[in-house]
$ cat target.txt   # compact mmCIF, C-alpha atoms and all ligand atoms
# COMPACT_ATOMS: atom_id res chain seq x y z
CA MET A 1 -10.13 -10.41 21.44
CA GLN A 2 -11.03 -9.27 17.93
CA LYS A 3 -8.06 -7.95 15.94
CA VAL A 4 -8.33 -4.54 14.30
CA ALA A 5 -6.71 -3.53 11.00
CA ALA A 6 -6.58 -0.17 9.25
CA ILE A 7 -5.80 -0.06 5.54
CA THR A 8 -5.27 2.89 3.20
CA GLY A 9 -6.28 2.77 -0.46
CA ALA A 10 -8.80 0.18 0.71
CA TYR A 11 -11.00 -0.03 -2.42
CA GLY A 12 -8.05 -0.23 -4.84
CA GLY A 13 -6.97 -3.43 -6.57
CA LEU A 14 -4.78 -4.85 -3.80
CA GLY A 15 -6.54 -2.96 -1.00
CA ALA A 16 -9.94 -4.50 -1.77
CA GLU A 17 -8.51 -8.03 -1.95
CA LEU A 18 -6.66 -7.56 1.34
CA SER A 19 -9.78 -6.11 2.97
CA LYS A 20 -11.78 -9.21 1.91
CA LEU A 21 -9.12 -11.59 3.26
CA LEU A 22 -8.81 -9.69 6.55
CA ALA A 23 -12.61 -9.67 6.94
CA ARG A 24 -12.67 -13.43 6.39
CA LYS A 25 -9.99 -13.82 9.08
CA GLY A 26 -12.28 -11.98 11.51
CA TYR A 27 -10.55 -8.59 11.68
CA ALA A 28 -12.56 -5.44 12.38
CA LEU A 29 -11.60 -2.96 9.66
CA VAL A 30 -10.94 0.76 9.31
CA LEU A 31 -11.02 1.41 5.57
CA GLY A 32 -9.38 4.58 4.23
CA GLY A 33 -9.69 6.15 0.79
CA ARG A 34 -10.58 9.34 -1.03
CA ASN A 35 -13.93 8.28 -2.48
CA ALA A 36 -16.80 7.81 0.01
CA GLY A 37 -19.00 5.96 -2.52
CA LYS A 38 -16.30 3.41 -3.35
CA LEU A 39 -15.58 2.87 0.37
CA GLN A 40 -19.29 2.17 0.97
CA GLU A 41 -19.40 -0.28 -1.97
CA LEU A 42 -16.45 -2.11 -0.43
CA ILE A 43 -18.16 -2.27 2.98
CA ASP A 44 -21.34 -3.63 1.34
CA SER A 45 -19.30 -6.33 -0.42
CA LEU A 46 -17.73 -7.48 2.87
CA GLY A 47 -21.06 -8.70 4.27
CA SER A 48 -22.99 -7.88 7.43
CA THR A 49 -20.83 -10.01 9.74
CA CYS A 50 -17.78 -7.82 9.09
CA LYS A 51 -17.34 -4.86 11.44
CA ALA A 52 -16.01 -2.14 9.16
CA ILE A 53 -15.95 1.62 9.14
CA ALA A 54 -15.06 3.93 6.26
CA VAL A 55 -12.93 7.03 6.76
CA VAL A 56 -12.54 9.44 3.86
CA ILE A 57 -8.86 10.37 3.75
CA ASP A 58 -6.19 11.72 1.51
CA VAL A 59 -2.92 10.25 2.77
CA THR A 60 -1.06 13.38 1.66
CA ASN A 61 -2.82 15.24 4.50
CA PRO A 62 -1.31 14.54 7.95
CA LYS A 63 -4.55 15.54 9.72
CA ASP A 64 -6.52 12.99 7.65
CA CYS A 65 -3.95 10.32 8.53
CA GLU A 66 -4.30 11.14 12.24
CA LYS A 67 -8.11 10.93 12.10
CA PHE A 68 -7.98 7.69 10.10
CA VAL A 69 -5.60 5.80 12.38
CA ASN A 70 -7.21 7.07 15.60
CA THR A 71 -10.59 5.79 14.37
CA ALA A 72 -9.34 2.26 15.06
CA VAL A 73 -9.16 3.10 18.78
CA SER A 74 -12.28 5.30 18.99
CA LYS A 75 -14.45 2.70 17.21
CA PHE A 76 -12.86 -0.65 18.03
CA GLY A 77 -10.61 0.04 21.05
CA ARG A 78 -7.25 -0.95 19.55
CA LEU A 79 -5.05 -1.23 16.44
CA ASP A 80 -3.24 -4.46 15.62
CA LEU A 81 -2.33 -3.88 12.00
CA LEU A 82 -1.79 -0.78 9.86
CA ILE A 83 -1.37 -1.46 6.14
CA ASN A 84 0.03 1.52 4.24
CA ASN A 85 -1.27 0.39 0.87
CA ALA A 86 -2.38 3.61 -0.92
CA GLY A 87 -0.04 4.44 -3.75
CA THR A 88 0.22 6.16 -7.09
CA TRP A 89 2.25 5.41 -10.21
CA LYS A 90 2.95 7.20 -13.42
CA LYS A 91 5.44 6.22 -16.09
CA THR A 92 7.81 9.11 -16.33
CA ILE A 93 10.48 10.74 -18.39
CA PHE A 94 12.38 12.13 -15.45
CA GLU A 95 13.53 15.44 -16.90
CA GLU A 96 9.97 16.27 -18.00
CA LEU A 97 8.41 15.87 -14.55
CA THR A 98 7.17 19.02 -12.86
CA PRO A 99 8.26 19.66 -9.25
CA MET A 100 4.63 19.02 -8.22
CA GLU A 101 4.64 15.59 -9.93
CA ILE A 102 7.86 14.64 -8.17
CA GLN A 103 6.42 15.81 -4.86
CA ASP A 104 3.18 13.91 -5.43
CA MET A 105 5.08 10.63 -5.93
CA PHE A 106 6.90 11.11 -2.64
CA VAL A 107 4.02 12.54 -0.61
CA THR A 108 1.62 9.74 -1.57
CA ASN A 109 4.02 6.79 -1.66
CA ALA A 110 6.42 7.66 1.17
CA PHE A 111 5.25 10.57 3.36
CA GLY A 112 1.62 9.36 3.70
CA PRO A 113 2.79 6.04 5.20
CA MET A 114 5.06 8.00 7.57
CA TYR A 115 2.19 10.24 8.71
CA CYS A 116 -0.06 7.22 9.38
CA SER A 117 2.75 5.28 11.06
CA GLN A 118 3.50 8.10 13.53
CA VAL A 119 -0.04 7.87 14.87
CA ALA A 120 0.00 4.05 14.85
CA VAL A 121 3.29 3.89 16.79
CA LYS A 122 1.80 5.97 19.63
CA ILE A 123 -1.18 3.60 19.87
CA MET A 124 0.88 0.41 19.50
CA LYS A 125 3.45 1.51 22.12
CA LYS A 126 0.62 1.70 24.68
CA GLN A 127 -0.49 -1.81 23.66
CA ASN A 128 3.09 -3.16 23.52
CA SER A 129 2.10 -4.80 20.25
CA GLY A 130 1.17 -4.18 16.65
CA HIS A 131 2.30 -4.51 13.05
CA ILE A 132 2.91 -1.73 10.54
CA LEU A 133 3.07 -3.10 7.00
CA ASN A 134 4.19 -0.89 4.12
CA ILE A 135 3.35 -1.94 0.57
CA GLY A 136 6.56 -1.25 -1.35
CA SER A 137 7.38 -2.36 -4.88
CA THR A 138 10.11 -4.15 -6.79
CA ALA A 139 10.59 -0.68 -8.35
CA GLY A 140 12.06 0.32 -4.98
CA VAL A 141 14.77 -2.34 -5.20
CA ASP A 142 15.33 -2.86 -8.95
CA TYR A 143 15.94 0.79 -9.85
CA MET A 144 14.30 0.55 -13.28
CA THR A 145 14.24 3.17 -15.98
CA GLY A 146 10.82 4.79 -16.44
CA ASN A 147 10.33 4.56 -12.70
CA VAL A 148 12.73 7.23 -11.45
CA ALA A 149 10.30 9.15 -9.22
CA TYR A 150 8.10 6.19 -8.21
CA GLY A 151 11.09 3.86 -7.66
CA SER A 152 12.90 6.49 -5.57
CA ALA A 153 9.78 7.07 -3.45
CA LYS A 154 9.29 3.32 -2.89
CA ALA A 155 13.01 2.97 -2.03
CA ALA A 156 12.49 5.72 0.56
CA LEU A 157 9.48 3.81 1.93
CA ILE A 158 11.56 0.63 2.24
CA ALA A 159 14.39 2.53 3.96
CA PHE A 160 11.83 4.08 6.32
CA THR A 161 10.57 0.57 7.13
CA ALA A 162 14.07 -0.59 8.04
CA CYS A 163 14.88 2.49 10.14
CA LEU A 164 11.60 2.49 12.06
CA GLY A 165 11.79 -1.28 12.60
CA LYS A 166 15.23 -0.87 14.20
CA GLN A 167 14.05 2.02 16.36
CA LEU A 168 11.10 -0.04 17.63
CA ASN A 169 13.10 -3.20 18.26
CA GLY A 170 12.05 -4.66 21.61
CA THR A 171 8.76 -2.75 21.82
CA GLY A 172 6.56 -5.57 20.51
CA ILE A 173 5.84 -3.55 17.34
CA LYS A 174 6.80 -5.10 14.00
CA VAL A 175 7.50 -2.91 10.98
CA THR A 176 7.74 -4.70 7.65
CA ALA A 177 7.51 -4.05 3.92
CA PHE A 178 6.05 -6.22 1.18
CA SER A 179 7.31 -5.36 -2.31
CA PRO A 180 5.51 -7.04 -5.20
CA GLY A 181 6.30 -6.96 -8.91
CA ALA A 182 3.61 -5.81 -11.35
CA PHE A 183 0.02 -6.94 -10.87
CA LYS A 184 -3.18 -6.03 -12.75
CA THR A 185 -4.91 -2.98 -11.25
CA GLU A 186 -6.04 0.54 -12.04
CA ILE A 187 -2.65 1.89 -10.96
CA PHE A 188 -1.67 1.97 -14.64
CA LYS A 189 -4.63 4.19 -15.58
CA HIS A 190 -2.42 7.23 -16.30
CA ASN A 191 -0.61 5.23 -18.99
CA PRO A 192 -3.40 3.13 -20.56
CA GLU A 193 -1.09 1.98 -23.40
CA ILE A 194 0.47 -0.32 -20.77
CA TYR A 195 -2.73 -2.44 -20.77
CA GLU A 196 -1.90 -3.65 -24.32
CA THR A 197 1.63 -4.79 -23.51
CA ASP A 198 2.87 -8.33 -22.77
CA PHE A 199 4.25 -6.84 -19.56
CA TYR A 200 0.70 -6.15 -18.35
CA LYS A 201 -0.71 -9.37 -19.79
CA ASN A 202 1.90 -11.37 -17.84
CA ALA A 203 1.44 -9.38 -14.65
CA MET A 204 0.19 -11.13 -11.49
CA LEU A 205 -3.42 -10.96 -10.27
CA PRO A 206 -4.17 -8.83 -7.19
CA GLU A 207 -5.90 -11.85 -5.56
CA PHE A 208 -2.63 -13.80 -5.80
CA VAL A 209 -0.56 -10.93 -4.37
CA ALA A 210 -3.08 -10.40 -1.55
CA LYS A 211 -2.82 -14.07 -0.52
CA LYS A 212 0.99 -13.76 -0.33
CA VAL A 213 0.67 -10.55 1.73
CA MET A 214 -1.78 -12.30 4.06
CA LYS A 215 0.67 -15.17 4.53
CA HIS A 216 3.30 -12.61 5.52
CA ILE A 217 0.89 -10.90 7.96
CA GLU A 218 0.23 -14.22 9.68
CA ASN A 219 3.93 -14.99 10.01
CA PRO A 220 6.08 -11.87 9.49
CA LYS A 221 9.47 -13.53 9.74
CA LYS A 222 11.32 -11.11 7.43
CA TRP A 223 11.31 -7.30 7.69
CA HIS A 224 11.11 -7.09 3.86
CA VAL A 225 9.53 -9.56 1.45
CA VAL A 226 10.04 -9.13 -2.30
CA LEU A 227 7.57 -10.94 -4.56
CA GLN A 228 9.23 -10.98 -7.98
CA ASN A 229 7.34 -12.13 -11.04
CA LYS A 230 10.47 -13.56 -12.67
CA ARG A 231 8.75 -14.28 -15.99
CA ASN A 232 7.77 -10.64 -16.17
CA SER A 233 10.77 -8.68 -14.92
CA LEU A 234 12.57 -8.53 -18.29
CA LEU A 235 9.31 -7.51 -20.01
CA ALA A 236 8.86 -4.81 -17.38
CA PHE A 237 12.37 -3.55 -17.98
CA ASN A 238 11.89 -3.38 -21.77
CA THR A 239 8.38 -1.86 -21.61
CA LEU A 240 9.36 0.90 -19.21
CA ARG A 241 12.70 1.58 -20.91
CA SER A 242 11.24 1.87 -24.42
CA SER A 243 8.76 4.48 -23.30
CA SER A 244 11.03 6.55 -21.12
CA LYS A 245 13.48 7.77 -23.78
N1 LIG A 301 -0.17 -2.79 -9.41
C1 LIG A 301 1.15 -2.97 -9.42
O1 LIG A 301 1.73 -3.42 -10.42
C2 LIG A 301 1.97 -2.68 -8.19
C3 LIG A 301 3.26 -3.22 -8.10
C4 LIG A 301 4.02 -2.99 -6.96
C5 LIG A 301 3.49 -2.26 -5.92
N2 LIG A 301 2.24 -1.74 -6.03
C6 LIG A 301 1.73 -0.98 -4.89
O2 LIG A 301 0.58 -1.62 -4.38
C7 LIG A 301 -0.25 -0.65 -3.70
C8 LIG A 301 -1.69 -0.80 -4.18
O3 LIG A 301 -1.76 -0.41 -5.54
P1 LIG A 301 -2.77 -1.07 -6.60
O4 LIG A 301 -1.95 -1.68 -7.65
O5 LIG A 301 -3.80 -1.86 -5.89
O6 LIG A 301 -3.35 0.26 -7.26
P2 LIG A 301 -4.81 0.88 -7.29
O7 LIG A 301 -5.81 -0.13 -7.69
O8 LIG A 301 -4.68 2.13 -8.09
O9 LIG A 301 -5.03 1.24 -5.76
C9 LIG A 301 -4.34 2.31 -5.15
C10 LIG A 301 -5.26 2.90 -4.11
O10 LIG A 301 -4.57 3.99 -3.48
C11 LIG A 301 -5.48 5.08 -3.40
N3 LIG A 301 -4.80 6.36 -3.33
C12 LIG A 301 -3.94 6.93 -4.20
N4 LIG A 301 -3.57 8.13 -3.77
C13 LIG A 301 -4.19 8.34 -2.58
C14 LIG A 301 -4.22 9.39 -1.65
N5 LIG A 301 -3.50 10.50 -1.84
N6 LIG A 301 -4.97 9.25 -0.53
C15 LIG A 301 -5.69 8.14 -0.32
N7 LIG A 301 -5.73 7.10 -1.17
C16 LIG A 301 -4.99 7.20 -2.29
C17 LIG A 301 -6.29 4.97 -4.68
O11 LIG A 301 -7.49 5.71 -4.54
P3 LIG A 301 -8.08 6.68 -5.69
O12 LIG A 301 -8.96 5.78 -6.50
O13 LIG A 301 -8.77 7.73 -4.93
O14 LIG A 301 -6.90 7.19 -6.47
C18 LIG A 301 -6.53 3.47 -4.73
O15 LIG A 301 -7.63 3.12 -3.92
C19 LIG A 301 0.37 0.72 -4.02
O16 LIG A 301 1.15 1.14 -2.93
C20 LIG A 301 1.26 0.42 -5.21
O17 LIG A 301 2.33 1.33 -5.33
C21 LIG A 301 1.46 -1.94 -7.13

$ encode --input "target.txt" --output "structure tokens"
Amino acid sequence: MQKVAAITGAYGGLGAELSKLLARKGYALVLGGRNAGKLQELIDSLGSTCKAIAVVIDVTNPKDCEKFVNTAVSKFGRLDLLINNAGTWKKTIFEELTPMEIQDMFVTNAFGPMYCSQVAVKIMKKQNSGHILNIGSTAGVDYMTGNVAYGSAKAALIAFTACLGKQLNGTGIKVTAFSPGAFKTEIFKHNPEIYETDFYKNAMLPEFVAKKVMKHIENPKKWHVVLQNKRNSLLAFNTLRSSSK
């Protein structure tokens, strides 16, 4: 039976690499993102042998999340893997954030995955199987300066992973989180000065991170995997601290 995966933020740096690896492994794919043109470009790049469908979604909208996850069943008959990958980051001086900016960090990085997971759990309970994988961040475990809102939201996502995993123990549904350190993608676009720093230059490549995530998907032994880039964590600390004063 062909496995089916649904991934949010599918055309982003990590999302696109994961989509390519999943396609190569023979998964049918439900690809979610806000930009229809970019989703189509991703589908074209996956080749004609890959069964893939694009669903335009904003993960901050629960109705979009419902439509997105249910597409796995309506198009392909099942859902084996949900990857909550969509995320947003902005370097922040905490006291200068507006309430909307704080909300946006949480709604995109923590609530969106919860909305999608609610729908996935209903489907996976009927199947007695499935895997929900949340893309966290080392910011959710390191508690760095400059990352107050993002780090708090990712910490909430990791806590959600642990709580839901415990609740679903014995159901055949796995709930895990994968938390990487910095890697080179467009996520830093709101703070382009980051691109010139040694922190960014030493960051991992999304292809490398995607391979590690794939390894975890194939053998999800731990509920939470942290992929630290040890060489880079001090640089990250200094870069984010110097710009958050
Ligand atoms: N890059 C890093 O250093 C790093 C480190 C640790 C963890 N992460 C996490 O890794 C995941 C992937 O990030 P990335 O680095 O690959 O960044 P990216 O290239 O910016 O990709 C993020 C994707 O999420 C999508 N997205 C953002 N808000 C959305 C929304 N409301 N609804 C639907 N899609 C939305 C973006 O689409 P748009 O183009 O429409 O915005 C984009 O496709 C994120 O969860 C991020 O927090 C990244």

$ residues_near_ligand --input "target.txt" --ligand "ligand LIG 301 (chain A)" --cutoff "7 Å" --atoms "only C-alpha atoms and all ligand atoms" --output "ChimeraX atom specification"
/A:8-15,32-35,57-60,85-89,108-109,135-138,179-187

$ closest_residue --input "target.txt" --among "A:Lys222, A:Lys91, A:Lys20, A:His190" --to "Ala149 of chain A" --atoms "all atoms listed in the file"
A:Lys91

$ atom_distance --input "target.txt" --atom1 "atom CA of Asn84 of chain A" --atom2 "atom CA of Leu157 of chain A"
10.0 Å

$ residues_around --input "target.txt" --residues "Ile102 of chain A" --least-positions-apart "2" --cutoff "10 Å" --atoms "only C-alpha atoms" --output "PyMOL selection string"
chain A and resi 92+94+97-100+104-107+148-150+152-153

$ residues_near_point --input "target.txt" --point "(-1.1, 2.5, 18.3)" --cutoff "9 Å" --atoms "only C-alpha atoms" --output "PyMOL selection string"
chain A and resi 69-70+72-73+78-80+117-130

$ write_last_selection --input "target.txt" --atoms "C-alpha atoms" --output "short mmCIF file (atom, residue, chain, number, x, y, z; two decimals), in the frame of the given file"
data_model
loop_
_atom_site.label_atom_id
_atom_site.label_comp_id
_atom_site.auth_asym_id
_atom_site.auth_seq_id
_atom_site.Cartn_x
_atom_site.Cartn_y
_atom_site.Cartn_z
CA VAL A 69 -5.60 5.80 12.38
CA ASN A 70 -7.21 7.07 15.60
CA ALA A 72 -9.34 2.26 15.06
CA VAL A 73 -9.16 3.10 18.78
CA ARG A 78 -7.25 -0.95 19.55
CA LEU A 79 -5.05 -1.23 16.44
CA ASP A 80 -3.24 -4.46 15.62
CA SER A 117 2.75 5.28 11.06
CA GLN A 118 3.50 8.10 13.53
CA VAL A 119 -0.04 7.87 14.87
CA ALA A 120 0.00 4.05 14.85
CA VAL A 121 3.29 3.89 16.79
CA LYS A 122 1.80 5.97 19.63
CA ILE A 123 -1.18 3.60 19.87
CA MET A 124 0.88 0.41 19.50
CA LYS A 125 3.45 1.51 22.12
CA LYS A 126 0.62 1.70 24.68
CA GLN A 127 -0.49 -1.81 23.66
CA ASN A 128 3.09 -3.16 23.52
CA SER A 129 2.10 -4.80 20.25
CA GLY A 130 1.17 -4.18 16.65
#
